[in-house]
$ cat run.pdb   # PDB, C-alpha atoms
ATOM      1  CA  MET A   1       0.000   0.000   0.000
ATOM      2  CA  ARG A   2       2.785   2.353   0.881
ATOM      3  CA  ARG A   3       4.350   1.861  -2.528
ATOM      4  CA  ARG A   4       1.011   2.498  -4.227
ATOM      5  CA  ALA A   5       0.341   5.551  -2.134
ATOM      6  CA  LYS A   6       3.794   6.761  -2.974
ATOM      7  CA  SER A   7       2.781   7.082  -6.586
ATOM      8  CA  ILE A   8       0.044   9.442  -5.523
ATOM      9  CA  LEU A   9       2.123  12.179  -4.065
ATOM     10  CA  ALA A  10       5.782  11.407  -3.892
ATOM     11  CA  GLY A  11       8.621  11.206  -6.322
ATOM     12  CA  ARG A  12       6.966  13.467  -8.830
ATOM     13  CA  ASP A  13       9.869  15.560  -9.912
ATOM     14  CA  SER A  14       7.841  17.292 -12.592
ATOM     15  CA  HIS A  15       5.648  18.899  -9.972
ATOM     16  CA  VAL A  16       7.334  22.166  -9.479
ATOM     17  CA  ASN A  17       5.794  25.586  -9.705
ATOM     18  CA  PRO A  18       4.960  27.114 -13.097
ATOM     19  CA  ALA A  19       8.409  28.669 -13.252
ATOM     20  CA  GLY A  20       9.940  25.239 -12.850
ATOM     21  CA  ILE A  21      11.521  26.100  -9.529
ATOM     22  CA  PRO A  22      10.579  24.372  -6.281
ATOM     23  CA  SER A  23       9.107  26.803  -3.782
ATOM     24  CA  PRO A  24      11.652  27.919  -1.204
ATOM     25  CA  GLY A  25      11.629  25.779   1.894
ATOM     26  CA  VAL A  26       9.181  23.314   0.432
ATOM     27  CA  GLU A  27      10.177  19.869  -0.722
ATOM     28  CA  ARG A  28       9.550  19.243  -4.366
ATOM     29  CA  ASN A  29       7.274  16.286  -3.792
ATOM     30  CA  LEU A  30       4.785  18.059  -1.507
ATOM     31  CA  ARG A  31       2.695  19.055  -4.485
ATOM     32  CA  MET A  32      -0.845  17.736  -4.620
ATOM     33  CA  ASP A  33      -2.818  18.944  -7.585
ATOM     34  CA  ALA A  34      -5.611  17.784  -9.864
ATOM     35  CA  SER A  35      -3.567  14.845 -11.159
ATOM     36  CA  GLY A  36      -2.704  13.819  -7.593
ATOM     37  CA  LEU A  37      -6.372  13.943  -6.696
ATOM     38  CA  LEU A  38      -7.206  11.773  -9.687
ATOM     39  CA  GLU A  39      -4.619   9.254  -8.526
ATOM     40  CA  VAL A  40      -6.260   9.195  -5.091
ATOM     41  CA  LEU A  41      -9.612   8.502  -6.755
ATOM     42  CA  ARG A  42      -8.119   5.771  -8.948
ATOM     43  CA  HIS A  43      -6.383   4.150  -6.028
ATOM     44  CA  GLU A  44      -9.435   4.246  -3.786
ATOM     45  CA  SER A  45     -11.691   2.942  -6.563
ATOM     46  CA  THR A  46     -10.140  -0.484  -6.042
ATOM     47  CA  GLU A  47     -11.642  -0.536  -2.558
ATOM     48  CA  GLY A  48     -15.008   0.971  -3.346
ATOM     49  CA  PHE A  49     -14.068   4.514  -2.302
ATOM     50  CA  LYS A  50     -14.753   3.621   1.353
ATOM     51  CA  ARG A  51     -11.914   5.758   2.653
ATOM     52  CA  ILE A  52     -13.054   8.882   0.816
ATOM     53  CA  ALA A  53     -16.788   8.538   1.503
ATOM     54  CA  GLY A  54     -18.563  11.891   1.499
ATOM     55  CA  SER A  55     -16.009  13.590  -0.771
ATOM     56  CA  ARG A  56     -17.307  16.035  -3.338
ATOM     57  CA  VAL A  57     -15.556  17.364  -6.418
ATOM     58  CA  GLU A  58     -16.736  19.927  -8.949
ATOM     59  CA  GLY A  59     -14.746  20.315 -12.087
ATOM     60  CA  THR A  60     -14.378  22.096 -15.387
ATOM     61  CA  LEU A  61     -12.727  20.177 -18.202
ATOM     62  CA  PRO A  62     -11.936  22.010 -21.419
ATOM     63  CA  ILE A  63     -11.667  19.596 -24.343
ATOM     64  CA  PRO A  64      -9.921  20.961 -27.422
ATOM     65  CA  GLY A  65     -11.798  20.450 -30.661
ATOM     66  CA  THR A  66      -8.659  18.718 -31.943
ATOM     67  CA  ALA A  67      -9.037  16.052 -29.250
ATOM     68  CA  ILE A  68     -12.668  15.473 -30.199
ATOM     69  CA  ALA A  69     -11.709  15.279 -33.859
ATOM     70  CA  ARG A  70      -8.988  12.764 -33.065
ATOM     71  CA  ALA A  71     -11.477  10.589 -31.156
ATOM     72  CA  LEU A  72     -13.934  10.799 -34.037
ATOM     73  CA  ARG A  73     -11.235   9.851 -36.545
ATOM     74  CA  GLU A  74     -10.091   6.911 -34.445
ATOM     75  CA  GLY A  75     -13.643   5.580 -34.403
ATOM     76  CA  LEU A  76     -14.146   5.705 -38.157
ATOM     77  CA  PRO A  77     -14.883   2.298 -39.680
ATOM     78  CA  ARG A  78     -11.937   1.123 -41.754
ATOM     79  CA  GLY A  79     -12.632   1.008 -45.459
ATOM     80  CA  GLY A  80     -15.809   3.051 -45.095
ATOM     81  CA  PRO A  81     -16.801   5.915 -47.355
ATOM     82  CA  VAL A  82     -15.985   8.536 -44.700
ATOM     83  CA  THR A  83     -12.211   8.710 -44.690
ATOM     84  CA  ALA A  84     -11.630  11.659 -42.393
ATOM     85  CA  VAL A  85     -13.578  13.783 -39.962
ATOM     86  CA  ASP A  86     -12.940  17.056 -38.234
ATOM     87  CA  ILE A  87     -15.009  19.376 -36.091
ATOM     88  CA  ALA A  88     -14.913  23.144 -35.800
ATOM     89  CA  LEU A  89     -16.357  24.166 -32.438
ATOM     90  CA  GLN A  90     -18.029  27.559 -32.282
ATOM     91  CA  ALA A  91     -19.470  29.818 -29.620
ATOM     92  CA  GLY A  92     -23.038  29.321 -28.430
ATOM     93  CA  ASN A  93     -23.191  25.520 -28.458
ATOM     94  CA  ARG A  94     -22.657  25.257 -32.183
ATOM     95  CA  ALA A  95     -20.176  23.430 -34.341
ATOM     96  CA  VAL A  96     -19.478  22.370 -37.892
ATOM     97  CA  LEU A  97     -18.748  18.735 -38.649
ATOM     98  CA  LEU A  98     -16.447  18.268 -41.626
ATOM     99  CA  LEU A  99     -16.387  14.944 -43.431
ATOM    100  CA  ALA A 100     -14.119  13.709 -46.185
ATOM    101  CA  ILE A 101     -16.026  11.231 -48.328
ATOM    102  CA  ASP A 102     -14.501   8.860 -50.809
ATOM    103  CA  ARG A 103     -17.486   7.528 -52.700
ATOM    104  CA  PHE A 104     -18.951   8.646 -55.990
ATOM    105  CA  PRO A 105     -21.221  10.626 -56.446
ATOM    106  CA  PHE A 106     -20.756  12.380 -53.127
ATOM    107  CA  PRO A 107     -18.637  15.517 -52.954
ATOM    108  CA  ARG A 108     -15.173  15.045 -51.534
ATOM    109  CA  THR A 109     -15.865  17.161 -48.468
ATOM    110  CA  VAL A 110     -19.094  17.994 -46.689
ATOM    111  CA  GLU A 111     -19.670  20.572 -43.974
ATOM    112  CA  LEU A 112     -22.539  19.862 -41.608
ATOM    113  CA  PRO A 113     -23.462  22.606 -39.147
ATOM    114  CA  LEU A 114     -24.889  21.325 -35.868
ATOM    115  CA  ALA A 115     -26.214  22.739 -32.626
ATOM    116  CA  ILE A 116     -26.418  21.357 -29.105
ATOM    117  CA  GLU A 117     -30.152  21.382 -28.684
ATOM    118  CA  ARG A 118     -30.160  20.016 -25.176
ATOM    119  CA  SER A 119     -27.315  19.385 -22.780
ATOM    120  CA  ALA A 120     -27.480  16.728 -20.112
ATOM    121  CA  ASP A 121     -27.954  17.497 -16.425
ATOM    122  CA  THR A 122     -26.984  14.048 -15.241
ATOM    123  CA  PRO A 123     -24.908  11.376 -17.010
ATOM    124  CA  GLU A 124     -28.113   9.425 -17.601
ATOM    125  CA  ASP A 125     -29.699  12.332 -19.471
ATOM    126  CA  ALA A 126     -29.239  12.691 -23.197
ATOM    127  CA  ILE A 127     -27.291  15.323 -25.031
ATOM    128  CA  ASP A 128     -29.201  16.104 -28.227
ATOM    129  CA  LEU A 129     -27.415  17.505 -31.246
ATOM    130  CA  GLN A 130     -29.319  18.767 -34.235
ATOM    131  CA  LEU A 131     -27.702  18.561 -37.638
ATOM    132  CA  MET A 132     -28.980  21.643 -39.428
ATOM    133  CA  PRO A 133     -31.289  20.686 -42.291
ATOM    134  CA  GLY A 134     -30.506  21.769 -45.788
ATOM    135  CA  GLY A 135     -27.924  21.177 -48.434
ATOM    136  CA  LEU A 136     -26.758  17.615 -48.669
ATOM    137  CA  LEU A 137     -27.776  16.502 -45.200
ATOM    138  CA  ARG A 138     -30.453  14.054 -46.285
ATOM    139  CA  ILE A 139     -28.115  12.449 -48.789
ATOM    140  CA  VAL A 140     -25.095  12.086 -46.542
ATOM    141  CA  LEU A 141     -26.964  11.279 -43.316
ATOM    142  CA  PRO A 142     -26.603   7.491 -43.729
ATOM    143  CA  LEU A 143     -22.875   7.944 -44.178
ATOM    144  CA  VAL A 144     -22.670  10.172 -41.115
ATOM    145  CA  SER A 145     -24.581   7.746 -38.936
ATOM    146  CA  SER A 146     -22.410   4.812 -40.003
ATOM    147  CA  ALA A 147     -19.230   6.816 -39.474
ATOM    148  CA  LEU A 148     -20.200   8.017 -35.996
ATOM    149  CA  ASN A 149     -21.909   4.842 -34.840
ATOM    150  CA  ARG A 150     -20.626   3.882 -31.375
ATOM    151  CA  PRO A 151     -22.029   2.943 -27.955
ATOM    152  CA  GLY A 152     -24.117   5.721 -26.461
ATOM    153  CA  VAL A 153     -24.717   7.482 -29.790
ATOM    154  CA  THR A 154     -27.955   7.048 -31.737
ATOM    155  CA  PHE A 155     -29.424   8.849 -34.734
ATOM    156  CA  HIS A 156     -33.045   9.988 -34.938
ATOM    157  CA  GLY A 157     -33.567  11.700 -38.276
ATOM    158  CA  ASN A 158     -31.284  14.688 -38.266
ATOM    159  CA  ARG A 159     -30.816  14.504 -34.491
ATOM    160  CA  VAL A 160     -27.931  12.811 -32.766
ATOM    161  CA  ARG A 161     -28.554  11.606 -29.235
ATOM    162  CA  ILE A 162     -25.585  11.014 -26.935
ATOM    163  CA  VAL A 163     -26.089   9.375 -23.552
ATOM    164  CA  PRO A 164     -22.924  10.053 -21.521
ATOM    165  CA  ARG A 165     -23.546   7.200 -19.097
ATOM    166  CA  GLU A 166     -23.503   4.630 -21.893
ATOM    167  CA  MET A 167     -20.163   5.982 -23.077
ATOM    168  CA  LEU A 168     -18.707   6.339 -19.593
ATOM    169  CA  ASP A 169     -19.585   2.766 -18.676
ATOM    170  CA  ARG A 170     -16.949   1.711 -21.211
ATOM    171  CA  ALA A 171     -14.325   4.238 -20.147
ATOM    172  CA  ASP A 172     -11.018   3.295 -18.541
ATOM    173  CA  ASP A 173     -11.983   5.136 -15.366
ATOM    174  CA  ARG A 174     -15.528   3.798 -15.295
ATOM    175  CA  ALA A 175     -15.505   3.432 -11.505
ATOM    176  CA  ILE A 176     -14.762   7.140 -11.131
ATOM    177  CA  ALA A 177     -17.276   7.944 -13.864
ATOM    178  CA  GLY A 178     -19.818   6.109 -11.738
ATOM    179  CA  LEU A 179     -19.462   8.880  -9.157
ATOM    180  CA  LEU A 180     -20.657  11.545 -11.613
ATOM    181  CA  ARG A 181     -23.762  13.320 -10.416
ATOM    182  CA  SER A 182     -24.050  16.140 -12.918
ATOM    183  CA  ILE A 183     -22.602  16.936 -16.290
ATOM    184  CA  ARG A 184     -23.047  19.867 -18.639
ATOM    185  CA  LEU A 185     -21.560  20.604 -22.041
ATOM    186  CA  ARG A 186     -20.972  23.998 -23.651
ATOM    187  CA  THR A 187     -18.869  25.212 -26.533
ATOM    188  CA  ALA A 188     -16.622  28.129 -27.307
ATOM    189  CA  PRO A 189     -14.488  28.622 -30.408
ATOM    190  CA  GLY A 190     -12.145  25.635 -30.591
ATOM    191  CA  THR A 191     -13.167  24.135 -27.249
ATOM    192  CA  ALA A 192     -15.960  22.117 -25.696
ATOM    193  CA  THR A 193     -16.162  22.547 -21.952
ATOM    194  CA  LEU A 194     -17.549  19.933 -19.624
ATOM    195  CA  ASP A 195     -18.764  21.102 -16.221
ATOM    196  CA  PHE A 196     -19.252  18.190 -13.860
ATOM    197  CA  ALA A 197     -19.723  17.173 -10.256
ATOM    198  CA  LEU A 198     -18.608  13.962  -8.558
ATOM    199  CA  GLU A 199     -19.888  12.716  -5.252
ATOM    200  CA  VAL A 200     -18.693   9.766  -3.213
ATOM    201  CA  PRO A 201     -21.673   8.433  -1.254
ATOM    202  CA  ASP A 202     -21.435   8.609   2.530
ATOM    203  CA  ALA A 203     -20.459   5.329   4.082
TER     204      ALA A 203
ATOM    205  CA  MET B   1     -10.357  19.106 -44.886
ATOM    206  CA  PRO B   2      -7.926  21.048 -42.709
ATOM    207  CA  ASP B   3      -4.845  19.227 -41.577
ATOM    208  CA  VAL B   4      -5.208  18.946 -37.826
ATOM    209  CA  ALA B   5      -3.059  15.879 -37.364
ATOM    210  CA  SER B   6      -0.215  17.927 -35.976
ATOM    211  CA  ALA B   7      -2.393  20.226 -33.878
ATOM    212  CA  ASP B   8      -2.134  19.886 -30.109
ATOM    213  CA  SER B   9      -5.013  17.681 -29.012
ATOM    214  CA  THR B  10      -3.883  17.301 -25.425
ATOM    215  CA  ILE B  11      -6.695  17.613 -22.941
ATOM    216  CA  PRO B  12      -5.500  20.085 -20.306
ATOM    217  CA  MET B  13      -5.632  19.553 -16.571
ATOM    218  CA  PRO B  14      -9.186  20.214 -15.386
ATOM    219  CA  ALA B  15     -10.026  22.812 -12.787
ATOM    220  CA  LEU B  16     -11.168  20.980  -9.660
ATOM    221  CA  ARG B  17     -12.634  22.229  -6.422
ATOM    222  CA  GLY B  18     -14.450  20.620  -3.559
ATOM    223  CA  THR B  19     -13.847  18.648  -0.413
ATOM    224  CA  LEU B  20     -11.744  15.523  -0.120
ATOM    225  CA  ARG B  21     -12.944  13.620   2.900
ATOM    226  CA  MET B  22     -10.304  11.094   3.885
ATOM    227  CA  GLU B  23     -10.447   8.344   6.432
ATOM    228  CA  GLU B  24      -7.578   8.778   8.850
ATOM    229  CA  SER B  25      -5.604   5.818   7.541
ATOM    230  CA  LEU B  26      -5.548   7.257   4.022
ATOM    231  CA  ALA B  27      -4.644  10.725   5.282
ATOM    232  CA  ASN B  28      -1.774   9.248   7.242
ATOM    233  CA  GLU B  29      -0.559   7.170   4.324
ATOM    234  CA  LEU B  30      -0.383  10.274   2.198
ATOM    235  CA  LEU B  31       1.100  12.455   4.883
ATOM    236  CA  ALA B  32       3.644   9.862   5.901
ATOM    237  CA  LEU B  33       5.068  10.217   2.442
ATOM    238  CA  LEU B  34       5.329  13.936   2.887
ATOM    239  CA  ALA B  35       6.465  14.438   6.426
ATOM    240  CA  GLY B  36       7.631  11.104   7.705
ATOM    241  CA  LYS B  37       5.684   8.884  10.057
ATOM    242  CA  LEU B  38       2.942  10.883  11.774
ATOM    243  CA  LYS B  39       1.504   9.750  15.063
ATOM    244  CA  ASN B  40      -0.814  12.447  16.355
ATOM    245  CA  SER B  41      -3.219  15.013  15.110
ATOM    246  CA  ASP B  42      -0.812  17.885  15.667
ATOM    247  CA  SER B  43       1.718  16.478  13.268
ATOM    248  CA  GLN B  44      -1.124  15.576  10.922
ATOM    249  CA  LYS B  45      -2.198  19.219  10.903
ATOM    250  CA  GLU B  46       1.367  20.263  10.381
ATOM    251  CA  GLY B  47       1.639  17.881   7.469
ATOM    252  CA  MET B  48      -1.524  19.256   5.913
ATOM    253  CA  ALA B  49      -0.123  22.760   6.242
ATOM    254  CA  ARG B  50       2.966  21.631   4.376
ATOM    255  CA  VAL B  51       0.826  20.188   1.608
ATOM    256  CA  ALA B  52      -0.944  23.532   1.341
ATOM    257  CA  ALA B  53       2.369  25.376   1.267
ATOM    258  CA  GLY B  54       3.514  23.184  -1.578
ATOM    259  CA  ASN B  55       0.616  24.250  -3.763
ATOM    260  CA  PRO B  56       1.276  27.819  -4.797
ATOM    261  CA  GLY B  57      -0.891  27.397  -7.872
ATOM    262  CA  GLY B  58      -3.948  26.215  -6.029
ATOM    263  CA  ARG B  59      -5.591  26.376  -2.652
ATOM    264  CA  ILE B  60      -5.776  23.633  -0.062
ATOM    265  CA  GLY B  61      -7.567  24.174   3.176
ATOM    266  CA  PRO B  62      -9.091  24.763   5.520
ATOM    267  CA  VAL B  63      -8.573  21.323   6.969
ATOM    268  CA  ARG B  64     -11.048  19.894   9.432
ATOM    269  CA  PHE B  65     -10.432  16.935  11.708
ATOM    270  CA  ARG B  66     -13.556  15.024  12.674
ATOM    271  CA  ASP B  67     -13.281  11.809  14.613
ATOM    272  CA  ARG B  68     -11.293   9.536  12.348
ATOM    273  CA  TRP B  69     -11.811  11.638   9.247
ATOM    274  CA  VAL B  70      -9.898  14.515   7.705
ATOM    275  CA  GLU B  71     -11.779  16.958   5.493
ATOM    276  CA  LEU B  72      -9.640  18.907   3.089
ATOM    277  CA  ASP B  73     -11.092  21.713   0.993
ATOM    278  CA  PHE B  74      -9.263  22.317  -2.251
ATOM    279  CA  ASP B  75      -9.362  24.486  -5.322
ATOM    280  CA  PHE B  76      -6.992  23.606  -8.141
ATOM    281  CA  PRO B  77      -7.207  26.015 -11.067
ATOM    282  CA  GLY B  78      -5.912  23.489 -13.607
ATOM    283  CA  ASN B  79      -5.105  24.863 -17.013
ATOM    284  CA  VAL B  80      -8.559  26.231 -17.644
ATOM    285  CA  ALA B  81      -8.745  29.733 -19.051
ATOM    286  CA  ASN B  82     -11.373  31.953 -17.495
ATOM    287  CA  ASP B  83     -14.285  32.582 -19.790
TER     288      ASP B  83
END
$ encode --input "run.pdb" --output "structure tokens"
Amino acid sequence: MRRRAKSILAGRDSHVNPAGIPSPGVERNLRMDASGLLEVLRHESTEGFKRIAGSRVEGTLPIPGTAIARALREGLPRGGPVTAVDIALQAGNRAVLLLAIDRFPFPRTVELPLAIERSADTPEDAIDLQLMPGGLLRIVLPLVSSALNRPGVTFHGNRVRIVPREMLDRADDRAIAGLLRSIRLRTAPGTATLDFALEVPDA
Amino acid sequence: MPDVASADSTIPMPALRGTLRMEESLANELLALLAGKLKNSDSQKEGMARVAAGNPGGRIGPVRFRDRWVELDFDFPGNVAND
């Protein structure tokens, strides 16, 4: 246990102040920050969080559009007509999905504007995205739905429904994700921001 | 299709705030790594103060000691720009 706990706080030489200099009079490994807290959560998850019962964490996680695009690209079916995907996040819960399509007679690239119609309040609630009607949407919609098909994502006409819980249940840190009590998504240019709250039930 | 393959897609450290409520054994395991073996609440408090002092970028504390539990308020700004 001591060795495992050691990984939580000690021996982390990279944890110096932003200037890269340890604070005067303070040992370099006294730092406990967001990553240290996450390690505590991961460690305690193996024992059902009993020793941190009653803890509460609120957080704000900015996700760069490039990270979302990378995740979308990695999930593309191999050999499918959609060969690349990107997303341009905009202010006001809007974005543009960009698809590269390699199948005649579709155009080589398609831009699909979308809006977050409804954000979730809890991980069990749905996030609804609306793909803006018009242009080529009706034609390319089957390609979009096959390209973005994954657990927790369903298509209903030109609406995309995402249920965070169904995605989180497959995440690496699913035990920590199980502590989520609220979740909210918003966008700004280039970034999607997730506001969330975790709660460890009282013992 | 813009070339974003080389763009930085690292997800930054989140901003976190709240209360970490630790059972005494966990608090001591963590503090023992920071300040040596701790045997009483005074040294535990001292250890917590040292943790707080080691976090110039964030805030830790106040710390409350309740029975066999330690409650530690924290506010880590992460790398989140204010908007």
$ resolve_selection --input "run.pdb" --expression "the PyMOL selection byres ((chain B) within 6 of (chain A))" --output "list in words"
Ser9, Ile11, Pro14, Ala15, Leu16, Arg17, Gly18, Thr19, Leu20, Arg21, Met22, Glu23, Val51, Gly54 and Asn55 of chain B
$ atom_distance --input "run.pdb" --atom1 "atom CA of A:Pro164" --atom2 "atom CA of A:Pro123"
5.1 Å
$ resolve_selection --input "run.pdb" --expression "the PyMOL selection byres ((chain A and resi 161) around 7)" --output "list in words"
Ala126, Ile127, Asp128, Leu129, Val153, Thr154, Phe155, Arg159, Val160, Ile162 and Val163 of chain A
$ residues_around --input "run.pdb" --residues "B:Pro62" --least-positions-apart "4" --cutoff "9 Å" --atoms "only C-alpha atoms" --output "VMD selection string"
chain B and resid 71 to 74
$ atom_distance --input "run.pdb" --atom1 "atom CA of A:Leu185" --atom2 "atom CA of A:Arg138"
26.6 Å
$ atom_distance --input "run.pdb" --atom1 "atom CA of A:Ile183" --atom2 "atom CA of B:Ile60"
24.3 Å
$ resolve_selection --input "run.pdb" --expression "the PyMOL selection byres ((chain A and resi 167-174) around 10)" --output "PyMOL selection string"
chain A and resi 38+41-42+45+123+150-153+162-166+175-180
$ closest_residue --input "run.pdb" --among "A:Gly48, A:Pro107, A:Gly36, A:Gly92" --to "A:Arg186" --atoms "only C-alpha atoms"
A:Gly92
